[in-house]
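**Q** Here's a structure for you.
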Amino acid sequence: MPIVLAVLAAIVGIALYVYLSILAFIFIAMPLSMVGVVLGLLVGAGIALYRATAVLVGTDQDTPVRTPAEVVAGKLAGRVPARQIRRDFAWPNYFFVQVRLDLWRIGLRSAATVEQMWVNRAKEVVGWDYRVLLCIWPLLLAALAFLLGVAAGNVMILLVLVVVFGLVTGLAWLLGLLAVGLLRAFDHAWQKVFRAHASCPRCYAVTDLPAYRCPGQHPRQGRHADMDLHRNIRPGRLGVLWRVCGCGRRLPTTVLRASRVLSAQCPTCGQKLHKGAAVSTDVRIPVFGAASAGKTHLIMSALVALLRAEPGNDTSVSLADEHAERMFRGYARTLDSGGSAPKTDASQQPIAVTVRMQDGRRRWPLQRRRSTLMHVFDAAGEALSDPVQNARYAYLDNARTLAYVLDPFSIPGIRDSYAANFTEIFAAANAAAEHPELSYQTTAQRLRDHGVRTKRQRLAFVVSKSDLLARLPMDDPPGTGSTPVRSWLIDNQLDNLVKAAERDFDTVAYFLVSAMGTTYEGGAFEPFRWLLADEPVRMPDIPTPEPPAPLAGRVPGSRAAESSADPAPSPGPGRGSKP
Ligand SMILES: Nc1nc2c(ncn2[C@@H]2O[C@H](COP(=O)(O)OP(=O)(O)OP(=O)(O)O)[C@@H](O)[C@H]2O)c(=O)[nH]1
Ligand SMILES: [Mg+2]
Ligand SMILES: [Zn+2]
Ligand SMILES: [Zn+2]
C-alpha cells in the first residue's frame with residue numbers, strides 16, 4: 001500500500017513538474033529567450049564592430065602587419081616568391097595585402113571572443129547540481145538563446161564586413177589598376193615621344209627606369225645595404241600615386257615625377273645619373289676613327305663652340321656634371337692657347353662628356369621645360385681597333401647617332417702625292433697611320449658582332465683637319481657641303497669606304513671640318529648639329545653667318561678655312577645614293 005501511494009505521489013509529482021515546466025517554457029523560457037536572442041544579436045554585432053574598429057584604428061597591437069622589411073624579404077604576397085631582385089623597402093599598398101590580413105584578424109578576434117563566452121558559460125553550468133538545473137532550466141534556455149544570438153549577430157556582421165571589404169577592395173583594385181596603367185602608359189609614352197632614357201656615363205647602361213635614393217632618415221647600415229634605394233619607382237603594389245618608404249618618407253611614383261625631386265642613379269653600377277635622366281631626351285654620340293684622326297679635337301672644338309655660343313632663342317646650354325666641366329676647362333684652355341690636346345689614354349675606359357640643352361619654354365602637357373642630355377664618347381683610336389678593348393665599349397651599341405672621323409692625311413693617295421714635298425704640313429697634321437677603311441671596318445665589324453642594327457643609326461662622316469688640307473696645292477680640293485665632300489672621297493679612292501658606310505648605316509652625311517676654330521655655325525659642331533636634327537631636341541638658335549667661301553685658294557687659318565661643312569647638309573646624299 002505505501003508503495004502504491006509512493007508511486008502515485010511520484011506520478012503526480014512528475015505530472016506537476018511537467019505541467020509547471022510547460023508553463024515555465026511558455027511564460028518564462030520563451031519570452032526570455034526571445035529577449036535573449038535579440039540581446040545576443042546586438043552583443044554579437046557589437047563584438048564584431050568593436051574588433052573591426054580596434055584592428056582598423058590600430059589599437060589591436062597584435063594585428064599582423066606586412067612591413068617594408070617583409071616586402072624586402074620577398075613576402076609581399078605572403079609566400080616567398082622566386083624573385084632574384086629584391087623589392088624596394090616600402091610599405092605595400094593597403095588594398096594589396098594588408099586588407100586581407102586585417103579582415104582575417106577581425107574574424108579571428110571576434111570568433112575568439114564569442115567562443116570564450118560559450119566556454120565560460122558551459123564551464124559554469126557543468127559544475128552545477130542537477131537539481132538546480134531542473135529548477136532553472138528555463139533561464140538556461142534563455143541564456144542559450146542569448147549565446148546563439150551572440151554567435152549569429154557576430155557571424156552576420158562578419159559577413160557584412162567581408163562583403164563591404166570585398167566591394168571596397170574590388171573598387172580600389174579597379175581604380176588602382178586603371179591609374180597604374182594610365183600612369184605607366186604616360187611615363188612610357190613620354191619616353192617614347194621624347195626619346196628619353198637614362199644613360200650611365202661610366203658603365204654605358206641605358207635604362208628607362210633609374211634607381212632613386214630616398215632622402216629620408218635611414219640608419220647608416222640601411223644606407224650601406226641600399227635600403228634607401230628604390231629600384232622600381234613605377235606605380236604598383238607599393239603605391240599608386242605615392243609610396244611610403246620604409247623610413248616613413250612619402251615618395252612620388254612614376255619616373256616623370258620622381259626625377260623632379262629624387263636623385264637618380266644607375267641601376268647597374270650605382271653611378272649618380274644626371275638630373276632629369278630618363279625624362280630628358282637622351283642622345284649618345286660615340287666618335288670613332290683611327291688613332292690621331294682628330295676625334296678629340298673635333299669634340300673639343302664642337303663643345304667649346306656650342307657652350308660659347310649665345311643662343312638667340314630661350315634655350316640654354318650647360319655642362320651636365322663635374323667630369324664634363326673638368327674636360328671642358330681642359331678643352332677651352334687648349335683651344336685658347338692654340339695648343340694640341342693630349343692623346344687619348346687607351347688604358348682608360350672612356351667616360352661620356354655630357355652637355356645639357358634646356359628649352360626655356362614650358363610646354364604641354366606638363367608645363368615642364370624639356371631638356372636634352374647629349375653624351376659624347378671619345379675613345380683612343382688604338383683601343384677602338386683592338387677587339388678585346390672595343391668589346392667593352394658598349395656605348396657604341398646603344399647609340400642612334402655616331403660620328404666617324406677620317407684624317408685626310410691618312411688617305412694613301414694624298415700621302416703619296418704630297419707627303420714628300422709638304423713635310424711641314426704632314427708633321428702638323430700628325431697624320432693617322434691606319435688606313436681609313438681599316439679604322440672604319442674595325443668598329444663597324446664590332447657593331448655587327450654585337451648584333452647592333454646599324455641600319456637604324458645615323459652616321460656623320462667627318463673629314464678632319466680641313467685647315468691643313470687647304471694648304472696643299474690640290475687640283476680638286478673638296479668643295480663645301482655633304483655631296484662635294486662625298487665626291488671628293490670617292491675621287492680619292494675611298495669609294496669602298498663610302499659604299500660600306502652607306503650600306504651599313506641608315507643615313508650618312510659628309511662634313512669637312514677644322515677643329516682649330518670655335519665658331520658655332522659652320523664649325524666643328526656641324527656634324528653634331530646634323531646628328532641632333534633628327535632628335536626631338538630644340539637647338540640653340542644662333543644667327544647664321546655668311547655662307548663660307550669655297551675651299552680652293554684659301555688662306556690658312558682664315559674663317560673659310562676653319563670649316564667647309566654644309567651648314568645644313570641634307571641627309572639625302574648619304575642614304576643609299578650612288579657615286
Ligand atoms: N691643324 C689641325 N690639326 C688637327 C685637327 N684635328 C686634329 N689635329 C691634330 O691631329 C692630331 C691628333 O688629334 P686628336 O684629336 O688627338 O686625335 P684622336 O683621334 O683623338 O687620336 P687618339 O686620341 O690617339 O685616338 C693632333 O696633333 C692635333 O693637333 C684640325 O682640325 N686641324
Ligand atoms: Mg683622342
Ligand atoms: Zn652605370
Ligand atoms: Zn626612406
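Convention: chains lettered A, B, ... in C-alpha cells order; per-chain residue numbering from 1; ligands numbered from 1 as shown.
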Which residues are close to Ala111 (chain A), i.e. within 8 Å by only C-alpha atoms, leaving aside same-chain residues fewer than 4 positions away? Reply as a compact mmCIF listing (two decimals) with N, CA and C atoms, in the first residue's frame.

**A**
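And here is the file that came out, out29.txt:
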```
# COMPACT_ATOMS: atom_id res chain seq x y z
N GLY A 107 38.02 38.71 -37.98
CA GLY A 107 37.28 37.45 -37.87
C GLY A 107 37.78 36.61 -36.71
N GLU A 115 33.62 32.58 -28.73
CA GLU A 115 33.96 31.24 -28.25
C GLU A 115 34.22 31.27 -26.74
N ASN A 154 27.31 38.01 -34.52
CA ASN A 154 28.72 38.14 -34.87
C ASN A 154 28.98 37.69 -36.31
```

**Q** Could you give me, as JSON, numbers by chain, every polymer residue with an atom at most 6 Å away from an atom of ligand 3, counting only C-alpha atoms and all ligand atoms?

**A** {"A": [200, 202, 203, 204, 205, 266, 268, 269, 270, 271]}

**Q** I'd like the neighbourhood of Ala324 (chain A) as a list in words, where a residue qualifies if any of its atoms comes within 6 Å (using only C-alpha atoms), though same-chain residues fewer than 4 positions away should be ignored.

**A**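 Contacts, in chain order: Leu319, Phe328, Val353 and Thr354 of chain A.
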
**Q** Restricting the calculation to only C-alpha atoms and all ligand atoms, which member of A:Leu76, A:Ala399, A:Leu251, A:Leu335 is positioned closest to ligand 4?

**A**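 For ligand 4, the nearest of the given residues is A:Leu251.
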
**Q** Which residue, A:Leu161, A:Val537, A:Ala460, A:Ala429, has the smallest gap to ligand 1 when you use only C-alpha atoms and all ligand atoms?

**A**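 Closest to ligand 1, using only C-alpha atoms and all ligand atoms: A:Ala429.
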
**Q** Pick the closest to Ala264 (chain A) from A:Phe95, A:Tyr212, A:Tyr418, A:Tyr19: which is it, counting only C-alpha atoms?

**A**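 Going through A:Phe95, A:Tyr212, A:Tyr418, A:Tyr19 one by one, the smallest distance to Ala264 (chain A) is for A:Tyr212.
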
**Q** Please give the complete set of residues from region 455-500 of chain A that DSSP, run on the backbone, assigns to helix (DSSP H, G or I), formatted as a list in words.

**A**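 Output for region 455-500 of chain A, helix (DSSP H, G or I) only: Lys455, Arg456, Ser466, Asp467, Leu468, Leu469, Ser482, Thr483, Pro484, Val485, Arg486, Ser487, Trp488, Leu489, Ile490, Asp491, Asp495, Asn496, Leu497, Val498, Lys499 and Ala500 of chain A.
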
**Q** Would you tabulate, counting only C-alpha atoms and all ligand atoms, all residues of chain A that have an atom at most 9 Å from an atom of ligand 4, showing the closest pair of atoms and their distance in Å to one decimal, sorted by chain then ascending number, as a tab-separated table?

**A**
```
residue	atom	partner	partner_atom_place_in_ligand_line	distance
A:Phe89	CA	ligand 4	1 (Zn)	7.8
A:Ala90	CA	ligand 4	1 (Zn)	7.9
A:Arg213	CA	ligand 4	1 (Zn)	7.8
A:Cys214	CA	ligand 4	1 (Zn)	4.5
A:Pro215	CA	ligand 4	1 (Zn)	6.2
A:Gly216	CA	ligand 4	1 (Zn)	4.4
A:Gln217	CA	ligand 4	1 (Zn)	6.1
A:His218	CA	ligand 4	1 (Zn)	6.0
A:Met227	CA	ligand 4	1 (Zn)	7.7
A:Asp228	CA	ligand 4	1 (Zn)	5.1
A:Leu229	CA	ligand 4	1 (Zn)	8.0
A:His230	CA	ligand 4	1 (Zn)	8.8
A:Val244	CA	ligand 4	1 (Zn)	7.8
A:Cys245	CA	ligand 4	1 (Zn)	4.5
A:Gly246	CA	ligand 4	1 (Zn)	5.6
A:Cys247	CA	ligand 4	1 (Zn)	4.2
A:Gly248	CA	ligand 4	1 (Zn)	6.2
A:Arg249	CA	ligand 4	1 (Zn)	5.3
A:Arg250	CA	ligand 4	1 (Zn)	8.0
A:Leu251	CA	ligand 4	1 (Zn)	8.3
```

**Q** Output as a tab-separated table one row per residue of chain A within 9 Å of ligand 1: the closest atom pair and its distance in Å to one decimal place, counting only C-alpha atoms and all ligand atoms, sorted by chain and residue number ascending.

**A**
```
residue	atom	partner	partner_atom_place_in_ligand_line	distance
A:Val287	CA	ligand 1	19 (O)	8.8
A:Phe288	CA	ligand 1	19 (O)	7.7
A:Gly289	CA	ligand 1	19 (O)	6.4
A:Ala290	CA	ligand 1	19 (O)	6.1
A:Ala291	CA	ligand 1	25 (O)	3.6
A:Ser292	CA	ligand 1	21 (O)	3.3
A:Ala293	CA	ligand 1	19 (O)	3.9
A:Gly294	CA	ligand 1	15 (O)	3.3
A:Lys295	CA	ligand 1	19 (O)	3.7
A:Thr296	CA	ligand 1	15 (O)	3.7
A:His297	CA	ligand 1	15 (O)	3.8
A:Leu298	CA	ligand 1	6 (N)	6.3
A:Ile299	CA	ligand 1	15 (O)	8.0
A:Met300	CA	ligand 1	15 (O)	8.2
A:Ser301	CA	ligand 1	31 (O)	8.6
A:Gly339	CA	ligand 1	29 (O)	7.4
A:Ser340	CA	ligand 1	29 (O)	4.6
A:Ala341	CA	ligand 1	16 (O)	5.7
A:Pro342	CA	ligand 1	16 (O)	6.0
A:Lys343	CA	ligand 1	23 (O)	4.3
A:Thr344	CA	ligand 1	23 (O)	3.6
A:Asp345	CA	ligand 1	23 (O)	6.8
A:Ala346	CA	ligand 1	23 (O)	7.7
A:Asp378	CA	ligand 1	20 (O)	7.4
A:Ala379	CA	ligand 1	25 (O)	6.3
A:Ala380	CA	ligand 1	25 (O)	3.5
A:Gly381	CA	ligand 1	25 (O)	3.5
A:Glu382	CA	ligand 1	25 (O)	6.4
A:Ala383	CA	ligand 1	25 (O)	7.9
A:Leu384	CA	ligand 1	25 (O)	8.1
A:Val405	CA	ligand 1	19 (O)	7.3
A:Leu406	CA	ligand 1	19 (O)	8.7
A:Asp407	CA	ligand 1	6 (N)	8.1
A:Ile425	CA	ligand 1	1 (N)	8.5
A:Ala427	CA	ligand 1	27 (O)	8.6
A:Ala428	CA	ligand 1	1 (N)	6.4
A:Ala429	CA	ligand 1	3 (N)	5.1
A:Asn430	CA	ligand 1	11 (C)	4.9
A:Ala431	CA	ligand 1	10 (O)	6.5
A:Ala432	CA	ligand 1	12 (C)	7.5
A:Val463	CA	ligand 1	31 (O)	9.0
A:Ser464	CA	ligand 1	31 (O)	5.3
A:Lys465	CA	ligand 1	31 (O)	3.4
A:Ser466	CA	ligand 1	31 (O)	6.0
A:Asp467	CA	ligand 1	32 (N)	5.7
A:Leu468	CA	ligand 1	1 (N)	5.3
A:Leu469	CA	ligand 1	1 (N)	8.5
A:Val513	CA	ligand 1	31 (O)	6.3
A:Ser514	CA	ligand 1	31 (O)	3.6
A:Ala515	CA	ligand 1	31 (O)	3.5
A:Met516	CA	ligand 1	31 (O)	5.2
A:Gly517	CA	ligand 1	31 (O)	8.2
A:Ala524	CA	ligand 1	31 (O)	8.4
A:Gly557	CA	ligand 1	1 (N)	8.9
A:Glu562	CA	ligand 1	31 (O)	7.9
A:Ser563	CA	ligand 1	31 (O)	8.7
```

**Q** Using CA of His197 (chain A) and CA of Asp282 (chain A) as the two end points, give the distance in Å to one decimal.

**A**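 CA of Asp282 (chain A) lies at a distance of 5.6 Å from CA of His197 (chain A).
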
**Q** Using DSSP on the backbone coordinates, identify the residues of region 283-412 of chain A assigned to strand (DSSP E or B); present them as a ChimeraX atom specification.

**A** /A:283-289,315-319,353-363,368-378,401-406

**Q** Emit the selected residues as a short mmCIF file (atom, residue, chain, number, x, y, z; two decimals), in the first residue's frame, including N, CA and C atoms.

**A**
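Listing of again24.cif after writing:
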```
data_model
loop_
_atom_site.label_atom_id
_atom_site.label_comp_id
_atom_site.auth_asym_id
_atom_site.auth_seq_id
_atom_site.Cartn_x
_atom_site.Cartn_y
_atom_site.Cartn_z
N VAL A 283 70.69 61.71 -76.05
CA VAL A 283 71.40 61.48 -77.32
C VAL A 283 72.83 61.05 -77.00
N ARG A 284 73.17 59.88 -77.48
CA ARG A 284 74.54 59.39 -77.24
C ARG A 284 75.29 59.41 -78.56
N ILE A 285 76.44 60.06 -78.56
CA ILE A 285 77.21 60.18 -79.80
C ILE A 285 78.62 59.62 -79.60
N PRO A 286 78.83 58.36 -79.98
CA PRO A 286 80.20 57.84 -79.97
C PRO A 286 80.97 58.42 -81.16
N VAL A 287 82.21 58.81 -80.93
CA VAL A 287 83.06 59.28 -82.02
C VAL A 287 84.14 58.23 -82.22
N PHE A 288 84.24 57.71 -83.43
CA PHE A 288 85.26 56.68 -83.67
C PHE A 288 86.11 57.03 -84.88
N GLY A 289 87.19 56.31 -85.03
CA GLY A 289 88.14 56.59 -86.11
C GLY A 289 89.53 56.16 -85.68
N THR A 315 66.79 78.97 -75.39
CA THR A 315 67.42 77.71 -74.96
C THR A 315 68.72 78.04 -74.23
N SER A 316 69.12 77.13 -73.38
CA SER A 316 70.40 77.34 -72.71
C SER A 316 71.21 76.04 -72.78
N VAL A 317 72.50 76.19 -72.77
CA VAL A 317 73.38 75.02 -72.86
C VAL A 317 74.30 75.03 -71.65
N SER A 318 74.44 73.88 -71.01
CA SER A 318 75.34 73.84 -69.84
C SER A 318 76.00 72.47 -69.75
N LEU A 319 77.04 72.40 -68.94
CA LEU A 319 77.72 71.12 -68.74
C LEU A 319 76.97 70.37 -67.65
N VAL A 353 81.24 62.79 -72.00
CA VAL A 353 81.17 64.21 -71.67
C VAL A 353 79.74 64.62 -72.01
N THR A 354 79.03 65.07 -70.98
CA THR A 354 77.60 65.30 -71.15
C THR A 354 77.25 66.78 -71.10
N VAL A 355 76.46 67.19 -72.09
CA VAL A 355 76.02 68.58 -72.19
C VAL A 355 74.50 68.59 -72.12
N ARG A 356 73.98 69.55 -71.34
CA ARG A 356 72.52 69.68 -71.23
C ARG A 356 72.04 70.86 -72.07
N MET A 357 71.04 70.60 -72.88
CA MET A 357 70.40 71.70 -73.63
C MET A 357 68.99 71.84 -73.11
N GLN A 358 68.73 73.01 -72.59
CA GLN A 358 67.43 73.21 -71.91
C GLN A 358 66.58 74.17 -72.73
N ASP A 359 65.35 73.73 -72.97
CA ASP A 359 64.40 74.60 -73.68
C ASP A 359 63.77 75.52 -72.65
N GLY A 360 63.79 76.81 -72.91
CA GLY A 360 63.28 77.77 -71.93
C GLY A 360 61.77 77.77 -71.82
N ARG A 361 61.10 77.26 -72.85
CA ARG A 361 59.63 77.32 -72.84
C ARG A 361 59.05 76.17 -72.04
N ARG A 362 57.96 76.49 -71.33
CA ARG A 362 57.24 75.42 -70.64
C ARG A 362 56.21 74.90 -71.62
N ARG A 363 56.21 73.59 -71.81
CA ARG A 363 55.35 73.08 -72.86
C ARG A 363 54.34 72.07 -72.36
N ARG A 368 56.34 71.48 -68.41
CA ARG A 368 57.73 71.29 -67.97
C ARG A 368 58.66 71.82 -69.03
N ARG A 369 59.79 72.31 -68.58
CA ARG A 369 60.82 72.70 -69.54
C ARG A 369 61.50 71.41 -70.00
N ARG A 370 61.51 71.20 -71.28
CA ARG A 370 62.12 69.98 -71.79
C ARG A 370 63.62 70.16 -71.94
N SER A 371 64.34 69.10 -71.66
CA SER A 371 65.78 69.24 -71.84
C SER A 371 66.35 68.02 -72.55
N THR A 372 67.56 68.19 -73.03
CA THR A 372 68.24 67.13 -73.77
C THR A 372 69.59 66.90 -73.10
N LEU A 373 69.96 65.65 -72.95
CA LEU A 373 71.31 65.34 -72.47
C LEU A 373 72.07 64.72 -73.65
N MET A 374 73.12 65.40 -74.07
CA MET A 374 73.93 64.88 -75.18
C MET A 374 75.22 64.32 -74.59
N HIS A 375 75.43 63.02 -74.76
CA HIS A 375 76.64 62.37 -74.24
C HIS A 375 77.59 62.10 -75.40
N VAL A 376 78.79 62.63 -75.30
CA VAL A 376 79.77 62.39 -76.36
C VAL A 376 80.85 61.47 -75.81
N PHE A 377 81.10 60.38 -76.54
CA PHE A 377 82.08 59.38 -76.08
C PHE A 377 83.31 59.43 -76.98
N ASP A 378 84.45 59.55 -76.35
CA ASP A 378 85.70 59.64 -77.10
C ASP A 378 86.67 58.59 -76.59
N THR A 401 73.14 57.62 -83.02
CA THR A 401 73.89 58.58 -83.82
C THR A 401 75.37 58.36 -83.55
N LEU A 402 76.17 58.27 -84.61
CA LEU A 402 77.61 58.08 -84.44
C LEU A 402 78.37 59.05 -85.35
N ALA A 403 79.61 59.34 -84.96
CA ALA A 403 80.44 60.19 -85.82
C ALA A 403 81.73 59.42 -86.11
N TYR A 404 82.05 59.35 -87.40
CA TYR A 404 83.29 58.70 -87.81
C TYR A 404 84.24 59.79 -88.30
N VAL A 405 85.46 59.81 -87.77
CA VAL A 405 86.42 60.86 -88.14
C VAL A 405 87.50 60.26 -89.03
N LEU A 406 87.69 60.87 -90.18
CA LEU A 406 88.70 60.41 -91.13
C LEU A 406 89.75 61.50 -91.31
#
```

**Q** Got a sec: who's within 12 Å of Val38 (chain A), counting only C-alpha atoms, leaving out chain neighbours fewer than 2 positions off, as a list in words?

**A**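 My reading of the contact set: Pro31, Leu32, Ser33, Met34, Val35, Gly36, Gly40, Leu41, Leu42, Val43, Gly44, Ala45, Ala142, Ala143, Ala145, Phe146, Leu147, Leu148, Gly149, Val150, Ala151, Ala152 and Gly153 of chain A.
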
**Q** Between A:Val99, A:Phe194, A:Thr483, A:Trp242, single out the one closest to Leu56 (chain A), counting only C-alpha atoms.

**A**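 Selected residue with least distance to Leu56 (chain A): A:Val99.
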